[in-house]
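Next up, upload02.txt (compact mmCIF, C-alpha atoms (C1' of nucleotides)):
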# COMPACT_ATOMS: atom_id res chain seq x y z
CA MET A 1 0.00 0.00 0.00
CA LEU A 2 2.65 2.48 0.96
CA HIS A 3 4.65 2.18 -2.20
CA TYR A 4 6.50 5.38 -1.55
CA ILE A 5 7.54 4.97 2.03
CA CYS A 6 11.01 3.57 1.73
CA ASN A 7 13.84 5.91 2.57
CA MET A 8 11.73 8.67 3.89
CA GLY A 9 14.18 10.26 6.25
CA VAL A 10 12.54 11.72 9.31
CA ILE A 11 8.99 11.25 8.07
CA ARG A 12 6.76 9.18 10.31
CA LYS A 13 4.03 6.92 8.97
CA THR A 14 1.10 8.83 10.36
CA LYS A 15 -2.51 8.55 9.26
CA SER A 16 -2.32 11.77 7.29
CA VAL A 17 0.80 10.67 5.43
CA VAL A 18 -0.86 7.38 4.52
CA ALA A 19 -4.05 9.11 3.40
CA LEU A 20 -2.21 11.62 1.23
CA LEU A 21 0.03 9.04 -0.39
CA ASN A 22 -3.09 7.01 -1.08
CA GLU A 23 -4.57 9.94 -3.00
CA PHE A 24 -1.55 10.05 -5.26
CA ASN A 25 -1.42 6.30 -5.69
CA THR A 26 -5.05 5.96 -6.72
CA SER A 27 -4.89 8.63 -9.39
CA SER A 28 -2.41 9.46 -12.04
CA GLY A 29 -1.82 13.12 -12.73
CA ALA A 30 -1.36 16.00 -10.37
CA ILE A 31 -3.69 17.07 -7.56
CA SER A 32 -4.15 20.60 -6.31
CA VAL A 33 -3.84 21.35 -2.61
CA ILE A 34 -7.37 22.70 -2.70
CA THR A 35 -8.68 19.39 -3.99
CA LEU A 36 -6.78 17.49 -1.32
CA ILE A 37 -8.22 19.73 1.38
CA ASP A 38 -11.70 19.25 -0.07
CA ARG A 39 -11.29 15.50 0.08
CA LEU A 40 -9.55 15.14 3.41
CA SER A 41 -10.54 18.07 5.60
CA SER A 42 -13.13 15.99 7.44
CA GLU A 43 -10.29 13.76 8.60
CA PHE A 44 -7.39 16.17 8.91
CA ASN A 45 -6.78 19.81 9.56
CA LYS A 46 -5.74 21.80 6.51
CA THR A 47 -2.58 22.88 8.31
CA THR A 48 -1.63 19.23 8.60
CA ILE A 49 -2.25 18.69 4.91
CA TYR A 50 -0.03 21.62 3.97
CA ARG A 51 2.71 20.39 6.27
CA VAL A 52 2.62 16.77 5.17
CA LEU A 53 2.83 17.86 1.54
CA ASP A 54 5.81 20.02 2.42
CA ARG A 55 7.57 17.09 4.01
CA LEU A 56 6.78 14.71 1.18
CA GLU A 57 8.23 17.23 -1.23
CA GLU A 58 11.37 17.68 0.85
CA ASP A 59 11.84 13.95 0.80
CA GLY A 60 11.48 13.75 -2.95
CA VAL A 61 8.25 11.77 -2.88
CA LEU A 62 6.19 14.55 -4.41
CA HIS A 63 7.01 17.68 -6.33
CA SER A 64 5.00 20.86 -6.51
CA PHE A 65 4.36 23.55 -9.05
CA LEU A 66 1.94 26.38 -9.66
CA GLY A 67 -0.95 25.97 -12.04
CA LYS A 68 -2.76 28.75 -13.81
CA SER A 69 -4.09 31.29 -11.32
CA GLY A 70 -1.25 30.52 -8.93
CA LEU A 71 -2.74 27.53 -7.17
CA LYS A 72 -0.33 24.93 -5.85
CA TRP A 73 -0.36 21.44 -7.30
CA TYR A 74 1.48 18.30 -6.30
CA ALA A 75 2.39 15.19 -8.26
CA LYS A 76 4.33 12.04 -7.65
CA CYS A 77 8.01 12.29 -8.42
CA SER A 78 9.52 9.69 -10.67
CA GLY A 79 13.25 9.43 -10.24
CA CYS A 80 13.52 12.04 -7.50
CA SER A 81 15.05 11.74 -4.05
CA ALA A 82 15.60 14.10 -1.15
CA ASP A 83 19.00 14.87 -2.64
CA LYS A 84 18.20 15.44 -6.26
CA HIS A 85 15.08 16.82 -7.84
CA ASN A 86 14.06 16.27 -11.42
CA ASP A 87 11.42 18.95 -11.63
CA LEU A 88 12.31 20.36 -14.97
CA HIS A 89 9.60 18.64 -16.94
CA PRO A 90 6.66 20.71 -18.18
CA HIS A 91 3.14 20.43 -16.81
CA PHE A 92 0.01 20.37 -18.86
CA GLN A 93 -3.27 21.84 -17.67
CA CYS A 94 -6.46 21.12 -19.59
CA LEU A 95 -8.54 24.24 -20.08
CA ASP A 96 -11.69 22.14 -20.47
CA CYS A 97 -11.67 19.64 -17.64
CA GLY A 98 -8.99 21.14 -15.44
CA ARG A 99 -6.88 18.00 -15.33
CA VAL A 100 -3.16 18.53 -14.80
CA ASP A 101 -0.42 16.11 -15.82
CA CYS A 102 3.33 15.91 -15.84
CA LEU A 103 4.74 15.64 -19.33
CA ALA A 104 7.60 13.22 -19.78
CA VAL A 105 9.28 15.52 -22.24
CA ASP A 106 12.62 17.24 -22.29
CA VAL A 107 12.53 20.99 -22.74
CA THR A 108 15.36 22.73 -24.46
CA LEU A 109 15.64 26.15 -22.96
CA PRO A 110 16.63 29.02 -25.20
CA GLU A 111 20.15 30.37 -24.97
CA ILE A 112 20.21 33.47 -22.79
CA PRO A 113 23.42 35.49 -22.84
CA ASN A 114 24.84 36.82 -19.57
CA ARG A 115 22.37 35.05 -17.35
CA LYS A 116 22.60 31.93 -15.31
CA ILE A 117 19.57 29.67 -15.46
CA GLU A 118 18.86 27.83 -12.24
CA VAL A 119 15.22 26.81 -12.38
CA SER A 120 12.52 26.85 -14.98
CA GLN A 121 8.85 26.27 -14.87
CA LEU A 122 6.87 25.53 -17.99
CA LEU A 123 3.11 25.34 -17.84
CA ILE A 124 1.35 24.41 -21.03
CA GLN A 125 -2.38 24.80 -21.40
CA GLY A 126 -4.80 23.44 -23.91
CA LYS A 127 -6.98 20.39 -24.45
CA CYS A 128 -5.95 17.10 -22.87
CA GLU A 129 -6.17 13.67 -24.47
CA GLN A 130 -9.75 13.08 -23.26
CA CYS A 131 -11.10 16.51 -24.16
CA PHE A 132 -9.29 16.72 -27.50
CA ALA A 133 -11.91 15.01 -29.65
CA MET B 1 4.30 61.38 -22.04
CA LEU B 2 1.43 59.04 -22.72
CA HIS B 3 3.17 57.00 -25.34
CA TYR B 4 0.72 54.17 -25.03
CA ILE B 5 -2.57 56.00 -25.16
CA CYS B 6 -3.46 55.80 -28.80
CA ASN B 7 -6.20 53.40 -29.77
CA MET B 8 -7.27 52.59 -26.31
CA GLY B 9 -10.84 51.61 -26.96
CA VAL B 10 -13.13 52.52 -24.12
CA ILE B 11 -10.35 53.46 -21.72
CA ARG B 12 -10.49 56.98 -20.37
CA LYS B 13 -7.41 59.00 -19.61
CA THR B 14 -7.86 59.16 -15.87
CA LYS B 15 -5.22 60.06 -13.32
CA SER B 16 -4.74 56.44 -12.35
CA VAL B 17 -4.26 55.34 -15.94
CA VAL B 18 -1.68 58.05 -16.47
CA ALA B 19 0.13 57.20 -13.26
CA LEU B 20 0.26 53.49 -14.03
CA LEU B 21 1.45 53.99 -17.59
CA ASN B 22 4.10 56.31 -16.23
CA GLU B 23 5.39 53.53 -14.01
CA PHE B 24 5.86 51.27 -17.00
CA ASN B 25 7.39 54.02 -19.13
CA THR B 26 10.00 55.00 -16.58
CA SER B 27 11.26 51.47 -16.01
CA SER B 28 12.08 48.63 -18.28
CA GLY B 29 11.19 45.19 -17.06
CA ALA B 30 8.08 43.89 -15.41
CA ILE B 31 6.44 45.24 -12.25
CA SER B 32 4.46 43.21 -9.77
CA VAL B 33 1.01 44.37 -8.72
CA ILE B 34 2.25 44.44 -5.14
CA THR B 35 4.98 46.89 -6.07
CA LEU B 36 2.53 49.08 -7.93
CA ILE B 37 0.21 49.13 -4.94
CA ASP B 38 3.15 49.99 -2.68
CA ARG B 39 4.08 52.91 -4.89
CA LEU B 40 0.64 54.25 -5.66
CA SER B 41 -1.68 53.35 -2.81
CA SER B 42 -1.36 56.83 -1.27
CA GLU B 43 -2.87 58.22 -4.45
CA PHE B 44 -5.22 55.45 -5.55
CA ASN B 45 -7.21 52.66 -4.04
CA LYS B 46 -5.82 49.20 -4.64
CA THR B 47 -9.10 48.17 -6.24
CA THR B 48 -8.59 50.89 -8.80
CA ILE B 49 -5.06 49.69 -9.49
CA TYR B 50 -6.25 46.13 -10.08
CA ARG B 51 -9.01 47.35 -12.36
CA VAL B 52 -6.87 49.71 -14.42
CA LEU B 53 -4.30 46.97 -14.94
CA ASP B 54 -7.11 44.67 -16.08
CA ARG B 55 -8.26 47.21 -18.62
CA LEU B 56 -4.78 47.95 -19.88
CA GLU B 57 -4.25 44.26 -20.41
CA GLU B 58 -7.56 43.88 -22.25
CA ASP B 59 -6.50 46.70 -24.53
CA GLY B 60 -3.17 45.08 -25.28
CA VAL B 61 -1.11 47.79 -23.60
CA LEU B 62 0.19 45.49 -20.88
CA HIS B 63 0.40 41.76 -20.46
CA SER B 64 0.40 39.82 -17.23
CA PHE B 65 1.93 36.62 -15.97
CA LEU B 66 2.58 34.88 -12.68
CA GLY B 67 6.00 34.99 -11.09
CA LYS B 68 7.38 32.51 -8.62
CA SER B 69 5.07 32.18 -5.62
CA GLY B 70 2.08 33.01 -7.77
CA LEU B 71 2.26 36.78 -7.61
CA LYS B 72 0.92 38.69 -10.58
CA TRP B 73 3.28 40.77 -12.70
CA TYR B 74 2.65 43.15 -15.55
CA ALA B 75 4.88 44.32 -18.37
CA LYS B 76 4.53 46.49 -21.43
CA CYS B 77 3.42 44.66 -24.53
CA SER B 78 5.46 45.08 -27.65
CA GLY B 79 3.50 44.24 -30.73
CA CYS B 80 0.25 43.49 -28.96
CA SER B 81 -3.20 44.93 -29.50
CA ALA B 82 -6.63 44.33 -28.04
CA ASP B 83 -7.18 41.79 -30.83
CA LYS B 84 -4.02 39.79 -30.77
CA HIS B 85 -1.73 38.95 -27.90
CA ASN B 86 1.88 37.94 -28.23
CA ASP B 87 2.37 36.58 -24.76
CA LEU B 88 4.30 33.50 -25.60
CA HIS B 89 7.74 34.81 -24.73
CA PRO B 90 9.40 33.53 -21.54
CA HIS B 91 9.94 35.63 -18.46
CA PHE B 92 13.08 35.71 -16.39
CA GLN B 93 13.08 36.25 -12.66
CA CYS B 94 16.36 36.95 -10.86
CA LEU B 95 16.66 34.93 -7.67
CA ASP B 96 19.09 37.48 -6.22
CA CYS B 97 17.56 40.89 -6.84
CA GLY B 98 14.02 39.86 -7.75
CA ARG B 99 14.02 41.71 -11.05
CA VAL B 100 11.73 40.28 -13.72
CA ASP B 101 12.14 40.76 -17.46
CA CYS B 102 10.52 39.64 -20.65
CA LEU B 103 12.90 37.64 -22.83
CA ALA B 104 12.79 38.38 -26.52
CA VAL B 105 13.32 34.75 -27.34
CA ASP B 106 11.28 32.22 -29.26
CA VAL B 107 10.44 29.07 -27.39
CA THR B 108 10.04 25.85 -29.27
CA LEU B 109 7.51 23.79 -27.41
CA PRO B 110 7.94 20.06 -27.37
CA GLU B 111 5.67 17.95 -29.55
CA ILE B 112 2.82 16.54 -27.49
CA PRO B 113 0.72 13.84 -29.14
CA ASN B 114 -3.07 13.97 -28.81
CA ARG B 115 -3.16 17.33 -27.11
CA LYS B 116 -3.90 20.78 -28.37
CA ILE B 117 -1.64 23.50 -27.04
CA GLU B 118 -3.36 26.82 -26.60
CA VAL B 119 -1.26 28.79 -24.13
CA SER B 120 2.10 28.31 -22.52
CA GLN B 121 3.85 30.06 -19.73
CA LEU B 122 7.57 29.72 -19.25
CA LEU B 123 9.20 31.22 -16.19
CA ILE B 124 12.95 30.95 -16.00
CA GLN B 125 14.79 31.73 -12.80
CA GLY B 126 18.43 32.37 -12.10
CA LYS B 127 20.85 35.26 -12.00
CA CYS B 128 20.18 38.32 -14.12
CA GLU B 129 22.73 40.33 -16.08
CA GLN B 130 23.55 42.59 -13.13
CA CYS B 131 23.76 39.90 -10.49
CA PHE B 132 25.64 37.43 -12.71
CA ALA B 133 29.18 38.62 -11.94
C1' DT C 1 -20.04 75.98 -21.67
C1' DT C 2 -23.37 73.37 -19.99
C1' DT C 3 -25.62 69.00 -19.87
C1' DG C 4 -26.18 64.06 -19.96
C1' DT C 5 -24.36 59.50 -20.27
C1' DT C 6 -21.66 56.15 -18.40
C1' DA C 7 -16.97 54.74 -17.36
C1' DT C 8 -14.34 55.00 -13.37
C1' DT C 9 -13.35 55.39 -8.53
C1' DG C 10 -13.24 54.72 -3.37
C1' DC C 11 -14.72 52.35 0.31
C1' DA C 12 -15.83 48.59 3.08
C1' DA C 13 -16.61 44.15 3.37
C1' DC C 14 -15.51 39.87 1.76
C1' DT C 15 -13.18 35.44 -0.31
C1' DA C 16 -9.56 32.37 -0.74
C1' DT C 17 -5.06 30.44 -0.18
C1' DG C 18 -1.74 29.79 2.74
C1' DT C 19 1.07 30.50 7.39
C1' DT C 20 2.35 30.66 12.46
C1' DG C 21 2.58 29.73 17.52
C1' DC C 22 1.62 26.76 20.88
C1' DA C 23 -0.24 23.23 23.66
C1' DT C 24 -1.45 18.38 22.97
C1' DT C 25 -0.92 13.81 20.89
C1' DA C 26 1.22 10.10 18.46
C1' DT C 27 5.32 7.72 16.57
C1' DA C 28 9.42 5.44 16.87
C1' DT C 29 13.55 4.37 19.69
C1' DT C 30 15.80 2.54 23.77
C1' DA D 1 7.18 0.75 29.41
C1' DA D 2 9.59 5.10 29.29
C1' DT D 3 11.42 8.68 26.67
C1' DA D 4 12.41 12.07 23.08
C1' DT D 5 10.60 14.53 19.61
C1' DA D 6 7.94 14.54 15.26
C1' DA D 7 3.40 15.51 14.08
C1' DT D 8 -1.22 17.35 14.85
C1' DG D 9 -5.25 20.48 15.77
C1' DC D 10 -6.80 24.74 16.70
C1' DA D 11 -7.31 29.50 16.46
C1' DA D 12 -5.67 33.37 14.90
C1' DC D 13 -3.33 35.65 11.47
C1' DA D 14 -1.33 37.25 6.80
C1' DT D 15 -1.74 38.32 2.11
C1' DA D 16 -3.55 38.70 -2.62
C1' DG D 17 -7.21 39.62 -4.90
C1' DT D 18 -12.58 40.40 -5.61
C1' DT D 19 -17.38 42.41 -5.28
C1' DG D 20 -21.34 45.63 -4.72
C1' DC D 21 -22.69 50.01 -4.61
C1' DA D 22 -23.02 54.87 -4.19
C1' DA D 23 -20.36 58.91 -5.56
C1' DT D 24 -17.42 61.07 -8.96
C1' DA D 25 -15.09 62.26 -13.15
C1' DA D 26 -14.32 61.92 -18.24
C1' DC D 27 -16.01 62.59 -22.53
C1' DA D 28 -19.38 63.65 -26.20
C1' DA D 29 -23.08 66.20 -27.82
C1' DA D 30 -25.83 70.14 -27.80

Just dump the structure as structure tokens.
Amino acid sequence: MLHYICNMGVIRKTKSVVALLNEFNTSSGAISVITLIDRLSSEFNKTTIYRVLDRLEEDGVLHSFLGKSGLKWYAKCSGCSADKHNDLHPHFQCLDCGRVDCLAVDVTLPEIPNRKIEVSQLLIQGKCEQCFA
Amino acid sequence: MLHYICNMGVIRKTKSVVALLNEFNTSSGAISVITLIDRLSSEFNKTTIYRVLDRLEEDGVLHSFLGKSGLKWYAKCSGCSADKHNDLHPHFQCLDCGRVDCLAVDVTLPEIPNRKIEVSQLLIQGKCEQCFA
DNA sequence: TTTGTTATTGCAACTATGTTGCATTATATT
DNA sequence: AATATAATGCAACATAGTTGCAATAACAAA
């Protein structure tokens, strides 16, 4: 059940951690914090949800990014650890159904003279596979 | 002085419009809404500032995007009108000084099968020309 | 210049997302 | 079982942005 609890550092296997990991294991794609709070706020305080997500991100289990309108989303990391983060893939948000996915695609950033690139965030919007009829 | 008031549709030349356009004419680069409110809130209500920025964007005078942490930024449009928006350039945010600029660079988006791309937002972060010693 | 239309503004109250401090509880270690 | 401390809940707070509405200002037309 807890596929992602392996080398989780200082994270304890609490009910909220289990419940949140379960959310990400039973659905592909990314989930917004708002959605998680909607689903779990009868069981857990929203502060707890924010903090557990923080910890899971620190440990490389999840990664976060901002969707359109600045809301925070989380998704399972593939190939990330607490040491190294592979967050540089783009995210795709469907303008019809709202679904958000990680794209397993390499982005070639443009050459920018005299600047040092450290992070990049690429959010692509359009119609997803289901809504693109 | 009012370089950008030309074909402004239904926009009236009010004091707040003049003041906001002046901010963008006296500085290159993008300005966050928060900064604009800081600078102008003794003269204008923040609601007014939000609404004028909205209108200027609708008219193609400014364009907006979200910086890191989801804050809204505005910058002068070059080559935009109320009809057509050329927002697809990336934005660069300096992690040292906080400065944000539009990059005059074409981005080649990756090919994504079975999806229709409508918008994309690319935020690059690192060290800007000044801070990159 | 005056008048009339309506776009624009200020204000106050509100919404929504996210954060903080602290006392209490639960987890893992010994 | 005892202990150390990570994790939680709660309440209060912080911040960005929005809404409704009455008052005001900009512009066009007379």

For this session: Give as number ranges by chain every residue of chain B that touches chain A within 7 Å, counting all atoms listed in the file.
Result: B: 66, 70, 105, 107, 110, 114-129, 132

Problem set entry | Best match for closeness to chain D among A:Ile11, A:Leu62, A:Val18, A:Ala75, counting only C-alpha atoms (C1' of nucleotides) |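 Result for the nearest residue to chain D: A:Ile11.
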
Exercise. Using all atoms listed in the file, which residues sit within 9 Å of Ile37 (chain B) once same-chain residues fewer than 5 positions away are excluded, as a VMD selection string?
Worked result: chain B and resid 32 42 44 to 46 49 to 50

Counting all atoms listed in the file, which residues of chain C fall within 9 Å of chain B, and what is the closest atom pair for each with its distance in Å at one decimal, ordered by chain and rising number, as a tab-separated table?
residue	atom	partner	partner_atom	distance
C:DA7	C1'	B:Arg12	CA	7.5
C:DT8	C1'	B:Thr14	CA	8.1
C:DT9	C1'	B:Thr48	CA	6.6
C:DG10	C1'	B:Asn45	CA	6.4
C:DC11	C1'	B:Asn45	CA	8.7

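Going from C1' of DG4 (chain C) over to C1' of DA26 (chain D), you cover 12.2 Å.
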
Can you give me N, CA and C atoms for region 59-82 of chain A, written as an mmCIF file, in the coordinates of the input?
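To be explicit, this is the file written out as part_28.cif:
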data_model
loop_
_atom_site.group_PDB
_atom_site.id
_atom_site.type_symbol
_atom_site.label_atom_id
_atom_site.label_comp_id
_atom_site.auth_asym_id
_atom_site.auth_seq_id
_atom_site.Cartn_x
_atom_site.Cartn_y
_atom_site.Cartn_z
ATOM 1 N N ASP A 59 11.274 15.288 0.894
ATOM 2 C CA ASP A 59 11.840 13.950 0.800
ATOM 3 C C ASP A 59 11.854 13.393 -0.616
ATOM 4 N N GLY A 60 11.404 14.191 -1.562
ATOM 5 C CA GLY A 60 11.480 13.750 -2.950
ATOM 6 C C GLY A 60 10.391 12.780 -3.349
ATOM 7 N N VAL A 61 9.354 12.661 -2.534
ATOM 8 C CA VAL A 61 8.250 11.770 -2.880
ATOM 9 C C VAL A 61 7.286 12.475 -3.822
ATOM 10 N N LEU A 62 7.046 13.737 -3.547
ATOM 11 C CA LEU A 62 6.190 14.550 -4.410
ATOM 12 C C LEU A 62 6.982 15.753 -4.908
ATOM 13 N N HIS A 63 6.485 16.359 -5.970
ATOM 14 C CA HIS A 63 7.010 17.680 -6.330
ATOM 15 C C HIS A 63 5.839 18.609 -6.543
ATOM 16 N N SER A 64 6.082 19.892 -6.396
ATOM 17 C CA SER A 64 5.000 20.860 -6.510
ATOM 18 C C SER A 64 5.290 21.853 -7.617
ATOM 19 N N PHE A 65 4.228 22.488 -8.053
ATOM 20 C CA PHE A 65 4.360 23.550 -9.050
ATOM 21 C C PHE A 65 3.089 24.371 -8.993
ATOM 22 N N LEU A 66 3.108 25.514 -9.665
ATOM 23 C CA LEU A 66 1.940 26.380 -9.660
ATOM 24 C C LEU A 66 1.181 26.243 -10.951
ATOM 25 N N GLY A 67 -0.103 26.009 -10.858
ATOM 26 C CA GLY A 67 -0.950 25.970 -12.040
ATOM 27 C C GLY A 67 -1.379 27.380 -12.412
ATOM 28 N N LYS A 68 -2.197 27.453 -13.438
ATOM 29 C CA LYS A 68 -2.760 28.750 -13.810
ATOM 30 C C LYS A 68 -3.513 29.298 -12.603
ATOM 31 N N SER A 69 -3.456 30.567 -12.416
ATOM 32 C CA SER A 69 -4.090 31.290 -11.320
ATOM 33 C C SER A 69 -3.344 31.097 -10.013
ATOM 34 N N GLY A 70 -2.133 30.516 -10.095
ATOM 35 C CA GLY A 70 -1.250 30.520 -8.930
ATOM 36 C C GLY A 70 -1.548 29.478 -7.867
ATOM 37 N N LEU A 71 -2.471 28.570 -8.155
ATOM 38 C CA LEU A 71 -2.740 27.530 -7.170
ATOM 39 C C LEU A 71 -1.646 26.466 -7.170
ATOM 40 N N LYS A 72 -1.402 25.910 -5.980
ATOM 41 C CA LYS A 72 -0.330 24.930 -5.850
ATOM 42 C C LYS A 72 -0.827 23.528 -6.151
ATOM 43 N N TRP A 73 -0.060 22.818 -6.942
ATOM 44 C CA TRP A 73 -0.360 21.440 -7.300
ATOM 45 C C TRP A 73 0.794 20.545 -6.887
ATOM 46 N N TYR A 74 0.463 19.296 -6.610
ATOM 47 C CA TYR A 74 1.480 18.300 -6.300
ATOM 48 C C TYR A 74 1.318 17.101 -7.216
ATOM 49 N N ALA A 75 2.424 16.440 -7.485
ATOM 50 C CA ALA A 75 2.390 15.190 -8.260
ATOM 51 C C ALA A 75 3.498 14.291 -7.757
ATOM 52 N N LYS A 76 3.312 13.003 -8.020
ATOM 53 C CA LYS A 76 4.330 12.040 -7.650
ATOM 54 C C LYS A 76 5.617 12.319 -8.415
ATOM 55 N N CYS A 77 6.725 12.189 -7.745
ATOM 56 C CA CYS A 77 8.010 12.290 -8.420
ATOM 57 C C CYS A 77 8.372 10.935 -8.998
ATOM 58 N N SER A 78 8.894 10.933 -10.200
ATOM 59 C CA SER A 78 9.520 9.690 -10.670
ATOM 60 C C SER A 78 10.998 9.982 -10.858
ATOM 61 N N GLY A 79 11.808 9.247 -10.143
ATOM 62 C CA GLY A 79 13.250 9.430 -10.240
ATOM 63 C C GLY A 79 13.782 10.599 -9.428
ATOM 64 N N CYS A 80 13.036 10.971 -8.370
ATOM 65 C CA CYS A 80 13.520 12.040 -7.500
ATOM 66 C C CYS A 80 13.847 11.459 -6.125
ATOM 67 N N SER A 81 14.761 12.098 -5.430
ATOM 68 C CA SER A 81 15.050 11.740 -4.050
ATOM 69 C C SER A 81 15.195 13.041 -3.267
ATOM 70 N N ALA A 82 15.420 12.897 -1.954
ATOM 71 C CA ALA A 82 15.600 14.100 -1.150
ATOM 72 C C ALA A 82 16.810 14.897 -1.625
#
